[in-house]
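In what follows, a single structure is set out as structure tokens and then discussed.
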Amino acid sequence: KAGVTQTPRYLIKTRGQQVTLSCSPISGHRSVSWYQQTPGQGLQFLFEYFSETQRNKGNFPGRFSGRQFSNSRSEMNVSTLELGDSALYLCASRTEPGQAYNEQFFGPGTRLTVL
Amino acid sequence: AQSVTQLGSHVSVSEGALVLLRCNYSSSVPPYLFWYVQYPNQGLQLLLKYTSAATLVKGINDFEAEFKKSETSFHLTKPSAHMSDAAEYFCAVSDLANFGNEKLTFGTGTRLTIIP
């Protein structure tokens, strides 16, 4: 079974631009979560999607948004990029939410650099 | 609110020596606890998880962790370190205190270096 895939793996943008990252979950997984990883803040939860609906949201500004499609693939978008948005963005999938012990499977991440 | 504290951002051990990475948690309800490993330029891989069954949990690559409620700890150990264990390790907690919000909360990570 293929793992979680994220595209692109690397991305360079300039301040003020917007960016869209993509995540394809493991086949049969219907829940997708996004995390931001930075050296200063560590791993922080962005949001979780299930059945095309945002289910949870972390403490990030509205510039960070996401969506999920009917095939469970998910995208996240960051508008008006700031230097501080430079990070590794990780996507994780699991079968379904509602069970805290469900293992989340992580993708390799997209490394975003904002210049 | 749930939280995790990892003591020691960097740990160095000699090859063949015991590995001990510390994790303490805070949770208002019985937690679910996880240890993940991250190799350079890769995502996170689950090593093991505690889900209120046995308190001693065995994971992949000979890692294990013991849940100690009285100490609110979930330390990760491995009897004999290998060079391939060099990576960053994250402890994470999830609970059902807020149904519908069972997100993972991660510690700040511990970078493990293996000395030949």
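All residue names refer to the structure tokens as shown: chains lettered A, B, ... in order, residues numbered from 1 in each chain, ligands numbered from 1 in order.
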
DSSP-assigned strand (DSSP E or B) among chain A, expressed as a ChimeraX atom specification: /A:5-7,10-13,19-24,31-38,42-50,53-57,64-68,74-78,87-94,105-106,110-114

If we count only C-alpha atoms and set the cut-off at 10 Å, which residues sit around Lys57 (chain A), ignoring sequence neighbours fewer than 5 positions away in its own chain? Please answer as a PDB file with all heavy atoms, in the first residue's frame.
ATOM      1  N   SER A  33      -4.724  15.460   8.190  1.00  0.00           N
ATOM      2  CA  SER A  33      -4.312  16.572   9.057  1.00  0.00           C
ATOM      3  C   SER A  33      -3.066  17.230   8.494  1.00  0.00           C
ATOM      4  O   SER A  33      -2.268  16.577   7.818  1.00  0.00           O
ATOM      5  CB  SER A  33      -4.006  16.080  10.475  1.00  0.00           C
ATOM      6  OG  SER A  33      -5.153  15.562  11.097  1.00  0.00           O
ATOM      7  N   TRP A  34      -2.903  18.488   8.811  1.00  0.00           N
ATOM      8  CA  TRP A  34      -1.729  19.247   8.388  1.00  0.00           C
ATOM      9  C   TRP A  34      -1.019  19.793   9.620  1.00  0.00           C
ATOM     10  O   TRP A  34      -1.654  20.258  10.573  1.00  0.00           O
ATOM     11  CB  TRP A  34      -2.137  20.409   7.482  1.00  0.00           C
ATOM     12  CG  TRP A  34      -2.603  19.995   6.118  1.00  0.00           C
ATOM     13  CD1 TRP A  34      -3.886  19.690   5.745  1.00  0.00           C
ATOM     14  CD2 TRP A  34      -1.806  19.863   4.941  1.00  0.00           C
ATOM     15  NE1 TRP A  34      -3.920  19.373   4.406  1.00  0.00           N
ATOM     16  CE2 TRP A  34      -2.659  19.485   3.892  1.00  0.00           C
ATOM     17  CE3 TRP A  34      -0.452  20.053   4.656  1.00  0.00           C
ATOM     18  CZ2 TRP A  34      -2.206  19.280   2.590  1.00  0.00           C
ATOM     19  CZ3 TRP A  34       0.002  19.849   3.357  1.00  0.00           C
ATOM     20  CH2 TRP A  34      -0.870  19.464   2.350  1.00  0.00           C
ATOM     21  N   PHE A  45      -0.114  21.886  15.019  1.00  0.00           N
ATOM     22  CA  PHE A  45      -1.286  21.425  14.281  1.00  0.00           C
ATOM     23  C   PHE A  45      -1.944  22.593  13.565  1.00  0.00           C
ATOM     24  O   PHE A  45      -2.209  23.638  14.158  1.00  0.00           O
ATOM     25  CB  PHE A  45      -2.252  20.786  15.277  1.00  0.00           C
ATOM     26  CG  PHE A  45      -3.593  20.427  14.722  1.00  0.00           C
ATOM     27  CD1 PHE A  45      -3.750  19.322  13.906  1.00  0.00           C
ATOM     28  CD2 PHE A  45      -4.705  21.193  15.028  1.00  0.00           C
ATOM     29  CE1 PHE A  45      -5.006  18.986  13.403  1.00  0.00           C
ATOM     30  CE2 PHE A  45      -5.954  20.868  14.543  1.00  0.00           C
ATOM     31  CZ  PHE A  45      -6.103  19.767  13.728  1.00  0.00           C
ATOM     32  N   LEU A  46      -2.205  22.390  12.290  1.00  0.00           N
ATOM     33  CA  LEU A  46      -2.885  23.411  11.491  1.00  0.00           C
ATOM     34  C   LEU A  46      -4.385  23.144  11.424  1.00  0.00           C
ATOM     35  O   LEU A  46      -5.190  23.956  11.838  1.00  0.00           O
ATOM     36  CB  LEU A  46      -2.302  23.453  10.082  1.00  0.00           C
ATOM     37  CG  LEU A  46      -0.994  24.225   9.923  1.00  0.00           C
ATOM     38  CD1 LEU A  46      -0.222  23.729   8.708  1.00  0.00           C
ATOM     39  CD2 LEU A  46      -1.279  25.713   9.800  1.00  0.00           C
ATOM     40  N   PHE A  47      -4.753  22.030  10.828  1.00  0.00           N
ATOM     41  CA  PHE A  47      -6.164  21.646  10.732  1.00  0.00           C
ATOM     42  C   PHE A  47      -6.296  20.202  10.306  1.00  0.00           C
ATOM     43  O   PHE A  47      -5.338  19.567   9.865  1.00  0.00           O
ATOM     44  CB  PHE A  47      -6.958  22.535   9.767  1.00  0.00           C
ATOM     45  CG  PHE A  47      -6.181  23.160   8.644  1.00  0.00           C
ATOM     46  CD1 PHE A  47      -5.572  22.378   7.664  1.00  0.00           C
ATOM     47  CD2 PHE A  47      -6.065  24.537   8.562  1.00  0.00           C
ATOM     48  CE1 PHE A  47      -4.869  22.963   6.643  1.00  0.00           C
ATOM     49  CE2 PHE A  47      -5.358  25.126   7.528  1.00  0.00           C
ATOM     50  CZ  PHE A  47      -4.747  24.344   6.567  1.00  0.00           C
ATOM     51  N   GLU A  48      -7.519  19.703  10.477  1.00  0.00           N
ATOM     52  CA  GLU A  48      -7.857  18.345  10.070  1.00  0.00           C
ATOM     53  C   GLU A  48      -9.123  18.371   9.238  1.00  0.00           C
ATOM     54  O   GLU A  48     -10.063  19.114   9.543  1.00  0.00           O
ATOM     55  CB  GLU A  48      -8.064  17.428  11.283  1.00  0.00           C
ATOM     56  CG  GLU A  48      -8.420  15.985  10.885  1.00  0.00           C
ATOM     57  CD  GLU A  48      -8.593  15.058  12.084  1.00  0.00           C
ATOM     58  OE1 GLU A  48      -8.834  15.542  13.190  1.00  0.00           O
ATOM     59  OE2 GLU A  48      -8.487  13.826  11.886  1.00  0.00           O
ATOM     60  N   TYR A  49      -9.131  17.563   8.196  1.00  0.00           N
ATOM     61  CA  TYR A  49     -10.292  17.442   7.321  1.00  0.00           C
ATOM     62  C   TYR A  49     -10.788  16.003   7.302  1.00  0.00           C
ATOM     63  O   TYR A  49      -9.995  15.050   7.345  1.00  0.00           O
ATOM     64  CB  TYR A  49      -9.955  17.889   5.899  1.00  0.00           C
ATOM     65  CG  TYR A  49      -9.867  19.386   5.778  1.00  0.00           C
ATOM     66  CD1 TYR A  49      -8.673  20.050   6.048  1.00  0.00           C
ATOM     67  CD2 TYR A  49     -10.981  20.146   5.439  1.00  0.00           C
ATOM     68  CE1 TYR A  49      -8.592  21.423   5.970  1.00  0.00           C
ATOM     69  CE2 TYR A  49     -10.913  21.519   5.359  1.00  0.00           C
ATOM     70  CZ  TYR A  49      -9.711  22.155   5.629  1.00  0.00           C
ATOM     71  OH  TYR A  49      -9.637  23.520   5.562  1.00  0.00           O
ATOM     72  N   SER A  65      -5.369  28.114   4.972  1.00  0.00           N
ATOM     73  CA  SER A  65      -6.651  27.476   4.720  1.00  0.00           C
ATOM     74  C   SER A  65      -6.426  26.134   4.049  1.00  0.00           C
ATOM     75  O   SER A  65      -5.314  25.836   3.577  1.00  0.00           O
ATOM     76  CB  SER A  65      -7.544  28.355   3.847  1.00  0.00           C
ATOM     77  OG  SER A  65      -6.935  28.540   2.572  1.00  0.00           O
TER      78      SER A  65
ATOM     79  N   ASN B 101     -11.751  16.824  18.883  1.00  0.00           N
ATOM     80  CA  ASN B 101     -10.505  17.590  18.769  1.00  0.00           C
ATOM     81  C   ASN B 101      -9.333  16.729  19.207  1.00  0.00           C
ATOM     82  O   ASN B 101      -8.515  17.138  20.022  1.00  0.00           O
ATOM     83  CB  ASN B 101     -10.588  18.846  19.630  1.00  0.00           C
ATOM     84  CG  ASN B 101      -9.414  19.781  19.367  1.00  0.00           C
ATOM     85  OD1 ASN B 101      -8.804  19.737  18.312  1.00  0.00           O
ATOM     86  ND2 ASN B 101      -9.083  20.603  20.342  1.00  0.00           N
ATOM     87  N   LYS B 103      -6.455  15.996  18.323  1.00  0.00           N
ATOM     88  CA  LYS B 103      -5.235  16.240  17.575  1.00  0.00           C
ATOM     89  C   LYS B 103      -4.038  15.773  18.381  1.00  0.00           C
ATOM     90  O   LYS B 103      -4.098  15.590  19.586  1.00  0.00           O
ATOM     91  CB  LYS B 103      -5.103  17.732  17.274  1.00  0.00           C
ATOM     92  CG  LYS B 103      -4.949  18.606  18.521  1.00  0.00           C
ATOM     93  CD  LYS B 103      -4.864  20.065  18.132  1.00  0.00           C
ATOM     94  CE  LYS B 103      -4.809  20.970  19.332  1.00  0.00           C
ATOM     95  NZ  LYS B 103      -3.549  20.836  20.074  1.00  0.00           N
TER      96      LYS B 103
END

Selection: 6 Å around region 74-82 of chain A, only C-alpha atoms, excl. self and same-chain fewer than 6 positions, as a ChimeraX atom specification: /A:15-23,63-68

Neighbour list for Leu112 (chain A) as a VMD selection string, cut-off 10 Å, only C-alpha atoms, skip fewer than 2 positions in-chain: chain A and resid 8 to 13 19 21 85 to 89 109 to 110 114 to 115

What are the residues of chain A lining chain B at 12 Å or less? Count only C-alpha atoms, and put the answer as a PDB file with N, CA and C atoms, in the first residue's frame.
ATOM      1  N   GLY A   3       2.245   4.964   0.639  1.00  0.00           N
ATOM      2  CA  GLY A   3       2.134   5.825   1.800  1.00  0.00           C
ATOM      3  C   GLY A   3       1.521   7.163   1.444  1.00  0.00           C
ATOM      4  N   VAL A   4       1.600   8.080   2.382  1.00  0.00           N
ATOM      5  CA  VAL A   4       1.106   9.436   2.161  1.00  0.00           C
ATOM      6  C   VAL A   4       2.075  10.164   1.228  1.00  0.00           C
ATOM      7  N   THR A   5       1.549  10.772   0.215  1.00  0.00           N
ATOM      8  CA  THR A   5       2.407  11.507  -0.711  1.00  0.00           C
ATOM      9  C   THR A   5       2.088  12.989  -0.654  1.00  0.00           C
ATOM     10  N   GLN A   6       3.136  13.782  -0.765  1.00  0.00           N
ATOM     11  CA  GLN A   6       2.973  15.234  -0.733  1.00  0.00           C
ATOM     12  C   GLN A   6       3.719  15.830  -1.918  1.00  0.00           C
ATOM     13  N   ARG A   9       7.800  18.598  -3.145  1.00  0.00           N
ATOM     14  CA  ARG A   9       8.642  18.357  -1.974  1.00  0.00           C
ATOM     15  C   ARG A   9       9.360  19.624  -1.535  1.00  0.00           C
ATOM     16  N   TYR A  10       9.694  20.459  -2.476  1.00  0.00           N
ATOM     17  CA  TYR A  10      10.389  21.709  -2.173  1.00  0.00           C
ATOM     18  C   TYR A  10       9.753  22.842  -2.965  1.00  0.00           C
ATOM     19  N   SER A  31      -9.310  10.746   6.742  1.00  0.00           N
ATOM     20  CA  SER A  31      -8.979  11.933   7.535  1.00  0.00           C
ATOM     21  C   SER A  31      -7.577  12.407   7.178  1.00  0.00           C
ATOM     22  N   VAL A  32      -7.442  13.691   6.960  1.00  0.00           N
ATOM     23  CA  VAL A  32      -6.142  14.289   6.638  1.00  0.00           C
ATOM     24  C   VAL A  32      -5.892  15.466   7.573  1.00  0.00           C
ATOM     25  N   SER A  33      -4.724  15.460   8.190  1.00  0.00           N
ATOM     26  CA  SER A  33      -4.312  16.572   9.057  1.00  0.00           C
ATOM     27  C   SER A  33      -3.066  17.230   8.494  1.00  0.00           C
ATOM     28  N   TRP A  34      -2.903  18.488   8.811  1.00  0.00           N
ATOM     29  CA  TRP A  34      -1.729  19.247   8.388  1.00  0.00           C
ATOM     30  C   TRP A  34      -1.019  19.793   9.620  1.00  0.00           C
ATOM     31  N   TYR A  35       0.317  19.736   9.566  1.00  0.00           N
ATOM     32  CA  TYR A  35       1.149  20.260  10.634  1.00  0.00           C
ATOM     33  C   TYR A  35       2.245  21.135  10.030  1.00  0.00           C
ATOM     34  N   GLN A  36       2.622  22.153  10.790  1.00  0.00           N
ATOM     35  CA  GLN A  36       3.754  22.999  10.411  1.00  0.00           C
ATOM     36  C   GLN A  36       4.914  22.695  11.352  1.00  0.00           C
ATOM     37  N   GLN A  37       6.092  22.491  10.794  1.00  0.00           N
ATOM     38  CA  GLN A  37       7.269  22.226  11.617  1.00  0.00           C
ATOM     39  C   GLN A  37       8.328  23.289  11.370  1.00  0.00           C
ATOM     40  N   THR A  38       8.701  23.999  12.409  1.00  0.00           N
ATOM     41  CA  THR A  38       9.763  24.999  12.342  1.00  0.00           C
ATOM     42  C   THR A  38      10.730  24.774  13.483  1.00  0.00           C
ATOM     43  N   PRO A  39      11.975  25.226  13.332  1.00  0.00           N
ATOM     44  CA  PRO A  39      12.948  25.055  14.432  1.00  0.00           C
ATOM     45  C   PRO A  39      12.514  25.772  15.703  1.00  0.00           C
ATOM     46  N   GLY A  40      11.860  26.903  15.565  1.00  0.00           N
ATOM     47  CA  GLY A  40      11.496  27.687  16.748  1.00  0.00           C
ATOM     48  C   GLY A  40      10.243  27.209  17.446  1.00  0.00           C
ATOM     49  N   GLN A  41       9.230  26.829  16.689  1.00  0.00           N
ATOM     50  CA  GLN A  41       7.933  26.461  17.257  1.00  0.00           C
ATOM     51  C   GLN A  41       7.683  24.967  17.284  1.00  0.00           C
ATOM     52  N   GLY A  42       8.541  24.200  16.637  1.00  0.00           N
ATOM     53  CA  GLY A  42       8.341  22.751  16.619  1.00  0.00           C
ATOM     54  C   GLY A  42       7.190  22.353  15.715  1.00  0.00           C
ATOM     55  N   LEU A  43       6.532  21.270  16.086  1.00  0.00           N
ATOM     56  CA  LEU A  43       5.412  20.746  15.296  1.00  0.00           C
ATOM     57  C   LEU A  43       4.112  21.321  15.823  1.00  0.00           C
ATOM     58  N   GLN A  44       3.394  22.007  14.959  1.00  0.00           N
ATOM     59  CA  GLN A  44       2.138  22.616  15.367  1.00  0.00           C
ATOM     60  C   GLN A  44       1.014  22.197  14.427  1.00  0.00           C
ATOM     61  N   PHE A  45      -0.114  21.886  15.019  1.00  0.00           N
ATOM     62  CA  PHE A  45      -1.286  21.425  14.281  1.00  0.00           C
ATOM     63  C   PHE A  45      -1.944  22.593  13.565  1.00  0.00           C
ATOM     64  N   LEU A  46      -2.205  22.390  12.290  1.00  0.00           N
ATOM     65  CA  LEU A  46      -2.885  23.411  11.491  1.00  0.00           C
ATOM     66  C   LEU A  46      -4.385  23.144  11.424  1.00  0.00           C
ATOM     67  N   PHE A  47      -4.753  22.030  10.828  1.00  0.00           N
ATOM     68  CA  PHE A  47      -6.164  21.646  10.732  1.00  0.00           C
ATOM     69  C   PHE A  47      -6.296  20.202  10.306  1.00  0.00           C
ATOM     70  N   GLU A  48      -7.519  19.703  10.477  1.00  0.00           N
ATOM     71  CA  GLU A  48      -7.857  18.345  10.070  1.00  0.00           C
ATOM     72  C   GLU A  48      -9.123  18.371   9.238  1.00  0.00           C
ATOM     73  N   TYR A  49      -9.131  17.563   8.196  1.00  0.00           N
ATOM     74  CA  TYR A  49     -10.292  17.442   7.321  1.00  0.00           C
ATOM     75  C   TYR A  49     -10.788  16.003   7.302  1.00  0.00           C
ATOM     76  N   PHE A  50     -12.090  15.889   7.248  1.00  0.00           N
ATOM     77  CA  PHE A  50     -12.734  14.581   7.153  1.00  0.00           C
ATOM     78  C   PHE A  50     -14.022  14.768   6.370  1.00  0.00           C
ATOM     79  N   GLN A  54     -13.790  20.684   7.355  1.00  0.00           N
ATOM     80  CA  GLN A  54     -12.774  20.960   8.352  1.00  0.00           C
ATOM     81  C   GLN A  54     -13.320  20.603   9.729  1.00  0.00           C
ATOM     82  N   ARG A  55     -12.592  19.777  10.408  1.00  0.00           N
ATOM     83  CA  ARG A  55     -13.088  19.227  11.665  1.00  0.00           C
ATOM     84  C   ARG A  55     -12.433  19.890  12.869  1.00  0.00           C
ATOM     85  N   ASN A  56     -11.168  20.230  12.727  1.00  0.00           N
ATOM     86  CA  ASN A  56     -10.398  20.851  13.797  1.00  0.00           C
ATOM     87  C   ASN A  56      -9.541  21.932  13.191  1.00  0.00           C
ATOM     88  N   LYS A  57      -9.213  22.900  14.003  1.00  0.00           N
ATOM     89  CA  LYS A  57      -8.330  23.957  13.516  1.00  0.00           C
ATOM     90  C   LYS A  57      -7.402  24.371  14.636  1.00  0.00           C
ATOM     91  N   GLY A  58      -6.135  24.585  14.296  1.00  0.00           N
ATOM     92  CA  GLY A  58      -5.164  25.069  15.267  1.00  0.00           C
ATOM     93  C   GLY A  58      -5.162  26.582  15.311  1.00  0.00           C
ATOM     94  N   LEU A  88       8.636  23.276   7.244  1.00  0.00           N
ATOM     95  CA  LEU A  88       8.298  21.979   6.653  1.00  0.00           C
ATOM     96  C   LEU A  88       6.827  21.739   6.963  1.00  0.00           C
ATOM     97  N   TYR A  89       6.030  21.540   5.950  1.00  0.00           N
ATOM     98  CA  TYR A  89       4.604  21.288   6.134  1.00  0.00           C
ATOM     99  C   TYR A  89       4.350  19.798   5.944  1.00  0.00           C
ATOM    100  N   LEU A  90       3.854  19.204   7.005  1.00  0.00           N
ATOM    101  CA  LEU A  90       3.626  17.763   7.019  1.00  0.00           C
ATOM    102  C   LEU A  90       2.138  17.461   6.948  1.00  0.00           C
ATOM    103  N   CYS A  91       1.829  16.478   6.165  1.00  0.00           N
ATOM    104  CA  CYS A  91       0.473  15.984   6.053  1.00  0.00           C
ATOM    105  C   CYS A  91       0.428  14.599   6.701  1.00  0.00           C
ATOM    106  N   ALA A  92      -0.653  14.306   7.370  1.00  0.00           N
ATOM    107  CA  ALA A  92      -0.819  13.001   7.996  1.00  0.00           C
ATOM    108  C   ALA A  92      -2.221  12.483   7.719  1.00  0.00           C
ATOM    109  N   SER A  93      -2.324  11.193   7.489  1.00  0.00           N
ATOM    110  CA  SER A  93      -3.656  10.627   7.264  1.00  0.00           C
ATOM    111  C   SER A  93      -3.934   9.513   8.264  1.00  0.00           C
ATOM    112  N   ARG A  94      -5.208   9.298   8.516  1.00  0.00           N
ATOM    113  CA  ARG A  94      -5.640   8.171   9.337  1.00  0.00           C
ATOM    114  C   ARG A  94      -7.005   7.730   8.831  1.00  0.00           C
ATOM    115  N   GLU A  96      -9.973   7.419  10.242  1.00  0.00           N
ATOM    116  CA  GLU A  96     -11.057   8.338  10.565  1.00  0.00           C
ATOM    117  C   GLU A  96     -10.730   9.046  11.866  1.00  0.00           C
ATOM    118  N   PRO A  97     -11.330  10.171  12.119  1.00  0.00           N
ATOM    119  CA  PRO A  97     -11.121  10.853  13.394  1.00  0.00           C
ATOM    120  C   PRO A  97     -12.057  10.280  14.450  1.00  0.00           C
ATOM    121  N   GLY A  98     -12.090  10.936  15.591  1.00  0.00           N
ATOM    122  CA  GLY A  98     -13.020  10.522  16.631  1.00  0.00           C
ATOM    123  C   GLY A  98     -12.445   9.461  17.547  1.00  0.00           C
ATOM    124  N   GLN A  99     -11.224   9.023  17.267  1.00  0.00           N
ATOM    125  CA  GLN A  99     -10.580   8.025  18.119  1.00  0.00           C
ATOM    126  C   GLN A  99      -9.153   8.487  18.340  1.00  0.00           C
ATOM    127  N   ALA A 100      -8.870   8.902  19.565  1.00  0.00           N
ATOM    128  CA  ALA A 100      -7.582   9.541  19.832  1.00  0.00           C
ATOM    129  C   ALA A 100      -6.413   8.604  19.647  1.00  0.00           C
ATOM    130  N   TYR A 101      -6.664   7.296  19.653  1.00  0.00           N
ATOM    131  CA  TYR A 101      -5.552   6.357  19.530  1.00  0.00           C
ATOM    132  C   TYR A 101      -5.265   5.960  18.092  1.00  0.00           C
ATOM    133  N   ASN A 102      -6.045   6.483  17.176  1.00  0.00           N
ATOM    134  CA  ASN A 102      -5.784   6.167  15.767  1.00  0.00           C
ATOM    135  C   ASN A 102      -4.414   6.661  15.349  1.00  0.00           C
ATOM    136  N   GLU A 103      -3.621   5.765  14.803  1.00  0.00           N
ATOM    137  CA  GLU A 103      -2.300   6.167  14.343  1.00  0.00           C
ATOM    138  C   GLU A 103      -2.425   7.075  13.142  1.00  0.00           C
ATOM    139  N   GLN A 104      -1.627   8.132  13.143  1.00  0.00           N
ATOM    140  CA  GLN A 104      -1.539   9.005  11.989  1.00  0.00           C
ATOM    141  C   GLN A 104      -0.274   8.655  11.216  1.00  0.00           C
ATOM    142  N   PHE A 105      -0.407   8.546   9.919  1.00  0.00           N
ATOM    143  CA  PHE A 105       0.712   8.222   9.044  1.00  0.00           C
ATOM    144  C   PHE A 105       1.131   9.504   8.341  1.00  0.00           C
ATOM    145  N   PHE A 106       2.405   9.819   8.439  1.00  0.00           N
ATOM    146  CA  PHE A 106       2.889  11.087   7.922  1.00  0.00           C
ATOM    147  C   PHE A 106       3.542  10.942   6.549  1.00  0.00           C
ATOM    148  N   GLY A 107       3.377  11.975   5.753  1.00  0.00           N
ATOM    149  CA  GLY A 107       4.083  12.074   4.489  1.00  0.00           C
ATOM    150  C   GLY A 107       5.472  12.660   4.701  1.00  0.00           C
ATOM    151  N   PRO A 108       6.259  12.774   3.614  1.00  0.00           N
ATOM    152  CA  PRO A 108       7.630  13.276   3.737  1.00  0.00           C
ATOM    153  C   PRO A 108       7.703  14.787   3.929  1.00  0.00           C
ATOM    154  N   GLY A 109       6.601  15.475   3.685  1.00  0.00           N
ATOM    155  CA  GLY A 109       6.588  16.915   3.898  1.00  0.00           C
ATOM    156  C   GLY A 109       6.907  17.721   2.650  1.00  0.00           C
ATOM    157  N   THR A 110       6.501  18.956   2.680  1.00  0.00           N
ATOM    158  CA  THR A 110       6.870  19.954   1.675  1.00  0.00           C
ATOM    159  C   THR A 110       7.657  21.032   2.385  1.00  0.00           C
ATOM    160  N   ARG A 111       8.874  21.249   1.915  1.00  0.00           N
ATOM    161  CA  ARG A 111       9.678  22.310   2.530  1.00  0.00           C
ATOM    162  C   ARG A 111       9.461  23.597   1.763  1.00  0.00           C
TER     163      ARG A 111
END

Picked from region 11-114 of chain B by DSSP as helix (DSSP H, G or I), as a PyMOL selection string: chain B and resi 60-62+83-85

Could you take the residues named above and write them with C-alpha atoms, as a compact mmCIF listing (two decimals), in the first residue's frame?
# COMPACT_ATOMS: atom_id res chain seq x y z
CA ILE B 60 9.90 -1.21 16.08
CA ASN B 61 13.69 -1.48 16.00
CA ASP B 62 13.86 -2.75 19.61
CA MET B 83 24.41 4.18 14.30
CA SER B 84 21.17 4.04 12.33
CA ASP B 85 19.26 5.31 15.39

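Between Arg30 (chain A) and the residues A:Asn59, A:Thr14, A:Ser51, A:Thr7, the shortest atom-to-atom distance, using only C-alpha atoms, involves A:Ser51.
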
For Ile114 (chain B): contacts at 12 Å, only C-alpha atoms, fewer than 2 positions along chain excluded, given as a list in words: His10, Val11, Ser12, Val13, Ser14, Glu15, Gly16, Ala17, Leu18, Val19, Ser80, Ala81, His82, Met83, Ser84, Asp85, Ala86, Ala87, Glu88, Arg111, Leu112 and Pro116 of chain B

One-decimal distance in Å that lies between CA of Leu56 (chain B) and CA of Trp35 (chain B):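 We find that CA of Trp35 (chain B) and CA of Leu56 (chain B) lie 13.2 Å from each other.
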